[in-house]
Amino acid sequence: MKSSYMGQFLVIDLSDKTSETMPLSDEMKNLFIGGKGFCAKLLYDLLPEDTDPLSPENVLMFLTGPLTGTAAPSMRGCAGTKSPLTGTFLDSFFGGHFAPSIKYAGYDGIIIKGKAEELSYIVIEDDNIEIRSAEEFSGLGTVETLEAVKKTLNDDKFRVVSIGSAGENQVLYSLIGCEYNRQAGRGGAGAVMGSKNLKAVAVKGTNLVEIKDPVNFKKAVEKANEELKQSPDVQALIEAGTASAVDFANEAGILPSKNYKYSTYDKASNLSDIGQQKHLWLKSSACLGCPIRCSKIGAVRTGKYKGTISDIVEYESAALMGSNLLISDIKATAYLVKLCDDLGLDSMSAATCVAFAMEAGEKGILVSDEVTLEFGNVSTAEYIIKAVAEKKKGLGELLAKGVKRASEEINKDSSDFAVHVKGLESPAWGPRGTSGMGLAYMTGDRGGCHQRGFPVAYEAGGEEWKGKQLDPSGVEGKGELVASLQDAQSGTDTLTKCDFGGFGISNETYSELLESASGLKIEPEEFDTTGERIWNLTRLFNLREKIDPKDDRLPKRFVNEALSDGPNKGCRISEEDMEYMLKDYYRVRGWSENGVPLKKTLERLNLV
Amino acid sequence: MTEKKFIKTNFDLCTGCLICQLACSFAKEGGYNPEFARLDIIMSKENLYHHPVVCRHCENPYCMHVCPVKAIYKDENGYVLIDEEKCVGCGLCETYCPENMSKMNKKAKKAFKCDFCDGDPECVKACPTGAIELAAVLKEEK
């Protein structure tokens, strides 16, 4: 029977240079669908308890969804591993062209184990798997690496993921560059790749991704495209990607400024689509199969950073590498973000580490003879980013560990302004004034993350929740809101769908796409149940890996310091607020008061 | 005046989404893989440029001239087509097309190229931005 599943995983062991295939079971499809679901199940099953994330025993996976590589709009891939930054479950979604090529090579995912003897790269062409020396690529940036790999293979149709020097040096928040300008960014998957001595993976193939019911699939694709056209959010992304969110967040008083001290920035427009359109953008570009084209590719044409090819500086990076450092020159911000991408650092974590160091310097807590630690100083940011990537003795070594470990090392009350949840540096959305967003950070399965549930849309974006406007800064009903959003997100992340596609495409249409493409029938509301199953499984994983539920909390800055500016002036999320929301959330989830899933919950979800 | 339809490409509008290639491979091969598309998108300068490349159905088709078994021919509308039955899979058309628009299916050992979808190309219909569009050349009758 034709199906858009390829029916097997490719398992590569770098230690003994072997590879084998592992069949995709029906149970796996029925209970976990793909993408995030596969990631949660495989990681739980494959990893021995208490595995050191940077040891050969950890696994690094590149997973697809059942619609990846087809005409179903806006599908991506998922990198999965145990995070070296947080010690938690880690899934990191990436666009571009790599994930579809895994399907074209004949697999639903690639699972990499072990550690190569020397720096290596993997070449996959259908069932030919080769592990080659990458010694000659040592120290190259992510972009140089992918281009060097293509040149060596003499075929630019290979799709490549690569790490930069940061990943080679196992900086804890290293990313994996997914050609081009796409990253498996958060949580340090690049450090895991570096710990395996794996510089790059190149894939291409000659398999067709087949469709069970072409007539109905075509109809479902047309419907999905129509839903994208009808969505004002999607239309805004077609116009200006996420950059316009800078001005929105500034007006809503949730834009981080000066290491989250403030929530507004008077030069926000310099960093938003307004500034970017003027100084950077030349045209839209897109991931494979995506009509939304949220990327706005361009170049810095003049000045100190001229010649830098820059994709859109998306919202998180524009805020964290811009307003949060008090840098208002978009050309400088674009350069710094590109520098991170190429050295192979998560620009969100890197920028937050820079902000932390700047504040520690201004407070006299951190003294450096390397550089002047002060907000607004672009050269300082550039210096720190480069020093971190090479783990240079001093600031580089210190900040390569992330703000949590760095603040523990410096001590002197620096944890007051170390902004992270479970070690993952926080995203750029409030959360003071949008307390549900705070709860989402507290309970995110990979630490402080905005992509596992996004209450801001309901708290500051004007959307109603179940027919009612929620009190943005209140705590009532936030447990149910956050749990529902997390389940919905996890459920459709099994498809590896892009969040932006999900802004327009309904679950009903995802269900139709899935059934016509693969034969797997998942009712529209069943995605939420699948999401809940996954969310409980990742919780079980995190508990097994000794992640303490006491760490389901916000950084001190959001708890102790009320905002002194903007529309949310006076807002904070107090200890009592956190306790109320968390208790409510655990109850809604069917977890114990200590945040442990109850047996009856696990039974209901087919997890025991 | 006679009119010959062709596919006009606009690199400035191409986003590199490859939806055209997906549509093409599905129409011609019954499944998705850009490798089997009859058109290509060349990406360069770190993804800043995307150049759609399509078969021009040349006046003077190299692919047709080099085919040793005359499997490639021009139809009455001027489109350059492959007769799969006759194709022996020698690969000369692939070697000599300067735009790499005749390609080999290594598994099937047959060449494949754009057949213009009976005048209504799937790639054009699928393109979300107008980067590839249907156009016509007008010629004086001789």
# chains A, B, ... in the order shown; residues from 1 in each chain; ligands from 1
$ residues_around --residues "Ala381 in chain A" --least-positions-apart "3" --cutoff "8 Å" --atoms "only C-alpha atoms" --output "list in words"
Leu336, Ala351, Val354, Asn377, Val378, Ile384 and Ile385 of chain A
$ write_last_selection --atoms "N, CA, C and O atoms" --output "PDB file, in the first residue's frame"
ATOM      1  N   LEU A 336      25.777  40.328  14.237  1.00  0.00           N
ATOM      2  CA  LEU A 336      26.019  39.508  15.437  1.00  0.00           C
ATOM      3  C   LEU A 336      25.245  38.186  15.378  1.00  0.00           C
ATOM      4  O   LEU A 336      25.757  37.136  15.770  1.00  0.00           O
ATOM      5  N   ALA A 351      22.992  35.666  23.111  1.00  0.00           N
ATOM      6  CA  ALA A 351      22.672  37.064  23.400  1.00  0.00           C
ATOM      7  C   ALA A 351      22.349  37.258  24.877  1.00  0.00           C
ATOM      8  O   ALA A 351      22.739  38.264  25.483  1.00  0.00           O
ATOM      9  N   VAL A 354      25.477  37.381  26.798  1.00  0.00           N
ATOM     10  CA  VAL A 354      26.119  38.689  26.628  1.00  0.00           C
ATOM     11  C   VAL A 354      25.430  39.717  27.541  1.00  0.00           C
ATOM     12  O   VAL A 354      26.090  40.496  28.245  1.00  0.00           O
ATOM     13  N   ASN A 377      27.316  48.168  23.738  1.00  0.00           N
ATOM     14  CA  ASN A 377      28.629  48.090  23.101  1.00  0.00           C
ATOM     15  C   ASN A 377      28.689  46.882  22.154  1.00  0.00           C
ATOM     16  O   ASN A 377      28.778  45.730  22.590  1.00  0.00           O
ATOM     17  N   VAL A 378      28.653  47.165  20.850  1.00  0.00           N
ATOM     18  CA  VAL A 378      28.611  46.100  19.838  1.00  0.00           C
ATOM     19  C   VAL A 378      29.918  45.300  19.837  1.00  0.00           C
ATOM     20  O   VAL A 378      29.911  44.069  19.711  1.00  0.00           O
ATOM     21  N   ILE A 384      32.626  38.733  22.927  1.00  0.00           N
ATOM     22  CA  ILE A 384      32.147  37.634  23.784  1.00  0.00           C
ATOM     23  C   ILE A 384      31.680  36.448  22.939  1.00  0.00           C
ATOM     24  O   ILE A 384      32.001  35.296  23.238  1.00  0.00           O
ATOM     25  N   ILE A 385      30.946  36.734  21.870  1.00  0.00           N
ATOM     26  CA  ILE A 385      30.441  35.648  21.016  1.00  0.00           C
ATOM     27  C   ILE A 385      31.604  34.813  20.468  1.00  0.00           C
ATOM     28  O   ILE A 385      31.589  33.581  20.519  1.00  0.00           O
TER      29      ILE A 385
END
$ closest_atom_pairs --of "chain B" --to "chain A" --cutoff "8 Å" --atoms "only C-alpha atoms" --output "CSV"
residue,atom,partner,partner_atom,distance
B:Asp12,CA,A:Lys283,CA,7.3
B:Leu13,CA,A:Lys283,CA,7.5
B:Cys14,CA,A:Ser285,CA,7.5
B:Thr15,CA,A:Ser285,CA,4.0
B:Gly16,CA,A:Ala286,CA,5.8
B:Cys17,CA,A:Leu288,CA,4.5
B:Leu18,CA,A:Leu288,CA,5.7
B:Ile19,CA,A:Gly289,CA,5.1
B:Leu22,CA,A:Ala71,CA,6.3
B:Ala23,CA,A:Ala71,CA,7.4
B:Gly30,CA,A:Glu210,CA,7.0
B:Gly31,CA,A:Glu210,CA,4.6
B:Tyr32,CA,A:Val209,CA,4.8
B:Asn33,CA,A:Leu208,CA,5.4
B:Glu35,CA,A:Thr206,CA,6.8
B:Glu46,CA,A:Tyr180,CA,6.5
B:Asn47,CA,A:Tyr180,CA,6.3
B:Leu48,CA,A:Ile297,CA,6.0
B:Pro128,CA,A:Pro291,CA,6.1
$ closest_residue --among "A:Leu85, A:Ala202, A:Val171, A:Leu540" --to "Gly396 in chain A" --atoms "only C-alpha atoms"
A:Val171
$ atom_distance --atom1 "CA of Cys97 in chain B" --atom2 "CA of Ala37 in chain B"
15.7 Å
$ residues_around --residues "range 130-133 of chain B" --least-positions-apart "4" --cutoff "6 Å" --atoms "only C-alpha atoms" --output "JSON list (two decimals) with all heavy atoms, in the first residue's frame"
[["chain", "number", "residue", "atom", "x", "y", "z"],
["B", 7, "ILE", "N", 7.61, 28.93, -20.76],
["B", 7, "ILE", "CA", 7.61, 29.25, -19.33],
["B", 7, "ILE", "C", 8.62, 30.35, -19.07],
["B", 7, "ILE", "O", 9.81, 30.20, -19.34],
["B", 7, "ILE", "CB", 7.92, 28.01, -18.46],
["B", 7, "ILE", "CG1", 6.84, 26.94, -18.66],
["B", 7, "ILE", "CG2", 8.02, 28.39, -16.98],
["B", 7, "ILE", "CD1", 7.16, 25.60, -18.03],
["B", 8, "LYS", "N", 8.13, 31.48, -18.59],
["B", 8, "LYS", "CA", 9.00, 32.61, -18.29],
["B", 8, "LYS", "C", 9.40, 32.52, -16.82],
["B", 8, "LYS", "O", 8.57, 32.24, -15.97],
["B", 8, "LYS", "CB", 8.24, 33.91, -18.54],
["B", 8, "LYS", "CG", 9.02, 35.18, -18.24],
["B", 8, "LYS", "CD", 8.20, 36.40, -18.68],
["B", 8, "LYS", "CE", 8.93, 37.70, -18.39],
["B", 8, "LYS", "NZ", 8.98, 38.04, -16.97],
["B", 9, "THR", "N", 10.68, 32.71, -16.56],
["B", 9, "THR", "CA", 11.15, 32.62, -15.17],
["B", 9, "THR", "C", 11.55, 34.00, -14.64],
["B", 9, "THR", "O", 12.09, 34.82, -15.38],
["B", 9, "THR", "CB", 12.36, 31.68, -15.06],
["B", 9, "THR", "OG1", 13.44, 32.23, -15.81],
["B", 9, "THR", "CG2", 12.03, 30.29, -15.57],
["B", 10, "ASN", "N", 11.23, 34.22, -13.37],
["B", 10, "ASN", "CA", 11.54, 35.52, -12.74],
["B", 10, "ASN", "C", 12.31, 35.26, -11.45],
["B", 10, "ASN", "O", 11.71, 34.98, -10.41],
["B", 10, "ASN", "CB", 10.24, 36.27, -12.43],
["B", 10, "ASN", "CG", 9.36, 36.39, -13.67],
["B", 10, "ASN", "OD1", 9.77, 36.91, -14.70],
["B", 10, "ASN", "ND2", 8.14, 35.88, -13.56],
["B", 13, "LEU", "N", 11.41, 36.82, -8.03],
["B", 13, "LEU", "CA", 10.23, 36.42, -7.27],
["B", 13, "LEU", "C", 10.35, 35.01, -6.70],
["B", 13, "LEU", "O", 9.51, 34.59, -5.91],
["B", 13, "LEU", "CB", 8.98, 36.50, -8.16],
["B", 13, "LEU", "CG", 8.62, 37.89, -8.69],
["B", 13, "LEU", "CD1", 7.40, 37.79, -9.61],
["B", 13, "LEU", "CD2", 8.32, 38.85, -7.55],
["B", 14, "CYS", "N", 11.39, 34.29, -7.11],
["B", 14, "CYS", "CA", 11.51, 32.90, -6.68],
["B", 14, "CYS", "C", 12.02, 32.86, -5.24],
["B", 14, "CYS", "O", 13.00, 33.50, -4.89],
["B", 14, "CYS", "CB", 12.46, 32.14, -7.59],
["B", 14, "CYS", "SG", 12.65, 30.41, -7.11],
["B", 124, "VAL", "N", 3.81, 25.85, -13.19],
["B", 124, "VAL", "CA", 3.29, 27.22, -13.25],
["B", 124, "VAL", "C", 2.07, 27.36, -12.36],
["B", 124, "VAL", "O", 1.93, 28.32, -11.60],
["B", 124, "VAL", "CB", 2.94, 27.61, -14.72],
["B", 124, "VAL", "CG1", 2.22, 28.94, -14.76],
["B", 124, "VAL", "CG2", 4.19, 27.63, -15.58]]
$ closest_residue --among "B:Cys127, B:Ala111, B:Phe116, B:Ile42" --to "Thr95 in chain B" --atoms "only C-alpha atoms"
B:Ala111
$ closest_residue --among "B:His51, B:Val88, B:Tyr96, B:Leu39" --to "Met64 in chain B" --atoms "only C-alpha atoms"
B:Tyr96
$ select_by_dssp --residues "chain B" --states "alpha helix (DSSP H)" --output "ChimeraX atom specification"
/B:19-29,62-66,92-96,122-126
$ write_last_selection --atoms "N, CA and C atoms" --output "PDB file, in the first residue's frame"
ATOM      1  N   ILE B  19       8.025  24.280  -4.548  1.00  0.00           N
ATOM      2  CA  ILE B  19       6.665  23.749  -4.712  1.00  0.00           C
ATOM      3  C   ILE B  19       6.441  23.343  -6.174  1.00  0.00           C
ATOM      4  N   CYS B  20       7.097  24.073  -7.092  1.00  0.00           N
ATOM      5  CA  CYS B  20       7.023  23.726  -8.513  1.00  0.00           C
ATOM      6  C   CYS B  20       7.595  22.327  -8.761  1.00  0.00           C
ATOM      7  N   GLN B  21       8.734  22.051  -8.115  1.00  0.00           N
ATOM      8  CA  GLN B  21       9.375  20.749  -8.313  1.00  0.00           C
ATOM      9  C   GLN B  21       8.541  19.622  -7.710  1.00  0.00           C
ATOM     10  N   LEU B  22       7.916  19.924  -6.558  1.00  0.00           N
ATOM     11  CA  LEU B  22       7.058  18.905  -5.941  1.00  0.00           C
ATOM     12  C   LEU B  22       5.883  18.590  -6.864  1.00  0.00           C
ATOM     13  N   ALA B  23       5.274  19.657  -7.400  1.00  0.00           N
ATOM     14  CA  ALA B  23       4.119  19.465  -8.284  1.00  0.00           C
ATOM     15  C   ALA B  23       4.528  18.684  -9.526  1.00  0.00           C
ATOM     16  N   CYS B  24       5.696  19.005 -10.067  1.00  0.00           N
ATOM     17  CA  CYS B  24       6.175  18.341 -11.281  1.00  0.00           C
ATOM     18  C   CYS B  24       6.449  16.866 -11.023  1.00  0.00           C
ATOM     19  N   SER B  25       7.187  16.577  -9.956  1.00  0.00           N
ATOM     20  CA  SER B  25       7.534  15.172  -9.713  1.00  0.00           C
ATOM     21  C   SER B  25       6.273  14.360  -9.436  1.00  0.00           C
ATOM     22  N   PHE B  26       5.297  14.985  -8.762  1.00  0.00           N
ATOM     23  CA  PHE B  26       4.068  14.246  -8.478  1.00  0.00           C
ATOM     24  C   PHE B  26       3.289  13.962  -9.763  1.00  0.00           C
ATOM     25  N   ALA B  27       3.243  14.971 -10.635  1.00  0.00           N
ATOM     26  CA  ALA B  27       2.496  14.791 -11.884  1.00  0.00           C
ATOM     27  C   ALA B  27       3.158  13.754 -12.794  1.00  0.00           C
ATOM     28  N   LYS B  28       4.476  13.758 -12.798  1.00  0.00           N
ATOM     29  CA  LYS B  28       5.162  12.898 -13.770  1.00  0.00           C
ATOM     30  C   LYS B  28       5.595  11.547 -13.224  1.00  0.00           C
ATOM     31  N   GLU B  29       5.820  11.484 -11.890  1.00  0.00           N
ATOM     32  CA  GLU B  29       6.345  10.240 -11.314  1.00  0.00           C
ATOM     33  C   GLU B  29       5.389   9.607 -10.313  1.00  0.00           C
ATOM     34  N   TYR B  62      19.925  20.682 -28.599  1.00  0.00           N
ATOM     35  CA  TYR B  62      21.114  19.815 -28.546  1.00  0.00           C
ATOM     36  C   TYR B  62      20.723  18.389 -28.173  1.00  0.00           C
ATOM     37  N   CYS B  63      19.794  18.278 -27.213  1.00  0.00           N
ATOM     38  CA  CYS B  63      19.412  16.942 -26.730  1.00  0.00           C
ATOM     39  C   CYS B  63      18.921  16.082 -27.889  1.00  0.00           C
ATOM     40  N   MET B  64      18.146  16.713 -28.750  1.00  0.00           N
ATOM     41  CA  MET B  64      17.566  15.984 -29.880  1.00  0.00           C
ATOM     42  C   MET B  64      18.654  15.582 -30.879  1.00  0.00           C
ATOM     43  N   HIS B  65      19.584  16.530 -31.110  1.00  0.00           N
ATOM     44  CA  HIS B  65      20.632  16.250 -32.097  1.00  0.00           C
ATOM     45  C   HIS B  65      21.555  15.123 -31.664  1.00  0.00           C
ATOM     46  N   VAL B  66      21.817  15.060 -30.336  1.00  0.00           N
ATOM     47  CA  VAL B  66      22.801  14.051 -29.907  1.00  0.00           C
ATOM     48  C   VAL B  66      22.180  12.678 -29.665  1.00  0.00           C
ATOM     49  N   LEU B  92      23.402  10.658 -23.394  1.00  0.00           N
ATOM     50  CA  LEU B  92      24.024  11.736 -24.183  1.00  0.00           C
ATOM     51  C   LEU B  92      23.243  13.049 -24.085  1.00  0.00           C
ATOM     52  N   CYS B  93      21.922  12.956 -24.022  1.00  0.00           N
ATOM     53  CA  CYS B  93      21.112  14.177 -23.915  1.00  0.00           C
ATOM     54  C   CYS B  93      21.433  14.920 -22.625  1.00  0.00           C
ATOM     55  N   GLU B  94      21.637  14.144 -21.546  1.00  0.00           N
ATOM     56  CA  GLU B  94      21.987  14.742 -20.260  1.00  0.00           C
ATOM     57  C   GLU B  94      23.362  15.416 -20.357  1.00  0.00           C
ATOM     58  N   THR B  95      24.273  14.754 -21.020  1.00  0.00           N
ATOM     59  CA  THR B  95      25.633  15.292 -21.142  1.00  0.00           C
ATOM     60  C   THR B  95      25.652  16.606 -21.919  1.00  0.00           C
ATOM     61  N   TYR B  96      24.836  16.698 -22.957  1.00  0.00           N
ATOM     62  CA  TYR B  96      24.974  17.853 -23.856  1.00  0.00           C
ATOM     63  C   TYR B  96      23.951  18.972 -23.671  1.00  0.00           C
ATOM     64  N   GLU B 122       2.113  22.077 -14.784  1.00  0.00           N
ATOM     65  CA  GLU B 122       1.810  21.937 -13.354  1.00  0.00           C
ATOM     66  C   GLU B 122       2.655  22.893 -12.506  1.00  0.00           C
ATOM     67  N   CYS B 123       3.922  23.090 -12.893  1.00  0.00           N
ATOM     68  CA  CYS B 123       4.826  23.937 -12.104  1.00  0.00           C
ATOM     69  C   CYS B 123       4.300  25.370 -12.050  1.00  0.00           C
ATOM     70  N   VAL B 124       3.811  25.847 -13.193  1.00  0.00           N
ATOM     71  CA  VAL B 124       3.294  27.218 -13.252  1.00  0.00           C
ATOM     72  C   VAL B 124       2.068  27.357 -12.357  1.00  0.00           C
ATOM     73  N   LYS B 125       1.199  26.338 -12.416  1.00  0.00           N
ATOM     74  CA  LYS B 125      -0.025  26.388 -11.601  1.00  0.00           C
ATOM     75  C   LYS B 125       0.288  26.365 -10.108  1.00  0.00           C
ATOM     76  N   ALA B 126       1.389  25.671  -9.754  1.00  0.00           N
ATOM     77  CA  ALA B 126       1.701  25.494  -8.327  1.00  0.00           C
ATOM     78  C   ALA B 126       2.474  26.669  -7.737  1.00  0.00           C
TER      79      ALA B 126
END
$ select_by_dssp --residues "chain B" --states "strand (DSSP E or B)" --output "number ranges by chain"
B: 2-9, 31-32, 40-44, 49-53, 72-74, 80-82, 103-105, 110-112, 132-139
$ residues_around --residues "Lys74 in chain B" --least-positions-apart "4" --cutoff "9 Å" --atoms "only C-alpha atoms" --output "list in words"
His57, Pro61, Met64, Gly78, Tyr79, Val80, Leu81 and Ile82 of chain B
$ write_last_selection --atoms "N, CA, C and O atoms" --output "mmCIF file, in the first residue's frame"
data_model
loop_
_atom_site.group_PDB
_atom_site.id
_atom_site.type_symbol
_atom_site.label_atom_id
_atom_site.label_comp_id
_atom_site.auth_asym_id
_atom_site.auth_seq_id
_atom_site.Cartn_x
_atom_site.Cartn_y
_atom_site.Cartn_z
ATOM 1 N N HIS B 57 12.607 24.218 -24.667
ATOM 2 C CA HIS B 57 12.070 23.615 -25.898
ATOM 3 C C HIS B 57 12.684 24.334 -27.101
ATOM 4 O O HIS B 57 11.995 24.963 -27.909
ATOM 5 N N PRO B 61 17.516 22.112 -30.611
ATOM 6 C CA PRO B 61 17.724 21.340 -29.374
ATOM 7 C C PRO B 61 18.929 20.401 -29.435
ATOM 8 O O PRO B 61 18.943 19.466 -30.235
ATOM 9 N N MET B 64 18.146 16.713 -28.750
ATOM 10 C CA MET B 64 17.566 15.984 -29.880
ATOM 11 C C MET B 64 18.654 15.582 -30.879
ATOM 12 O O MET B 64 18.694 14.450 -31.349
ATOM 13 N N GLY B 78 5.946 22.380 -31.469
ATOM 14 C CA GLY B 78 7.305 22.871 -31.242
ATOM 15 C C GLY B 78 7.901 22.441 -29.922
ATOM 16 O O GLY B 78 8.982 22.891 -29.543
ATOM 17 N N TYR B 79 7.219 21.564 -29.163
ATOM 18 C CA TYR B 79 7.773 21.095 -27.893
ATOM 19 C C TYR B 79 8.667 19.881 -28.120
ATOM 20 O O TYR B 79 8.361 19.017 -28.952
ATOM 21 N N VAL B 80 9.784 19.860 -27.389
ATOM 22 C CA VAL B 80 10.772 18.805 -27.563
ATOM 23 C C VAL B 80 10.479 17.691 -26.570
ATOM 24 O O VAL B 80 10.487 17.914 -25.356
ATOM 25 N N LEU B 81 10.174 16.522 -27.078
ATOM 26 C CA LEU B 81 9.685 15.429 -26.231
ATOM 27 C C LEU B 81 10.555 14.183 -26.369
ATOM 28 O O LEU B 81 11.292 14.025 -27.342
ATOM 29 N N ILE B 82 10.439 13.289 -25.374
ATOM 30 C CA ILE B 82 11.173 12.023 -25.408
ATOM 31 C C ILE B 82 10.191 10.882 -25.625
ATOM 32 O O ILE B 82 9.165 10.796 -24.948
#
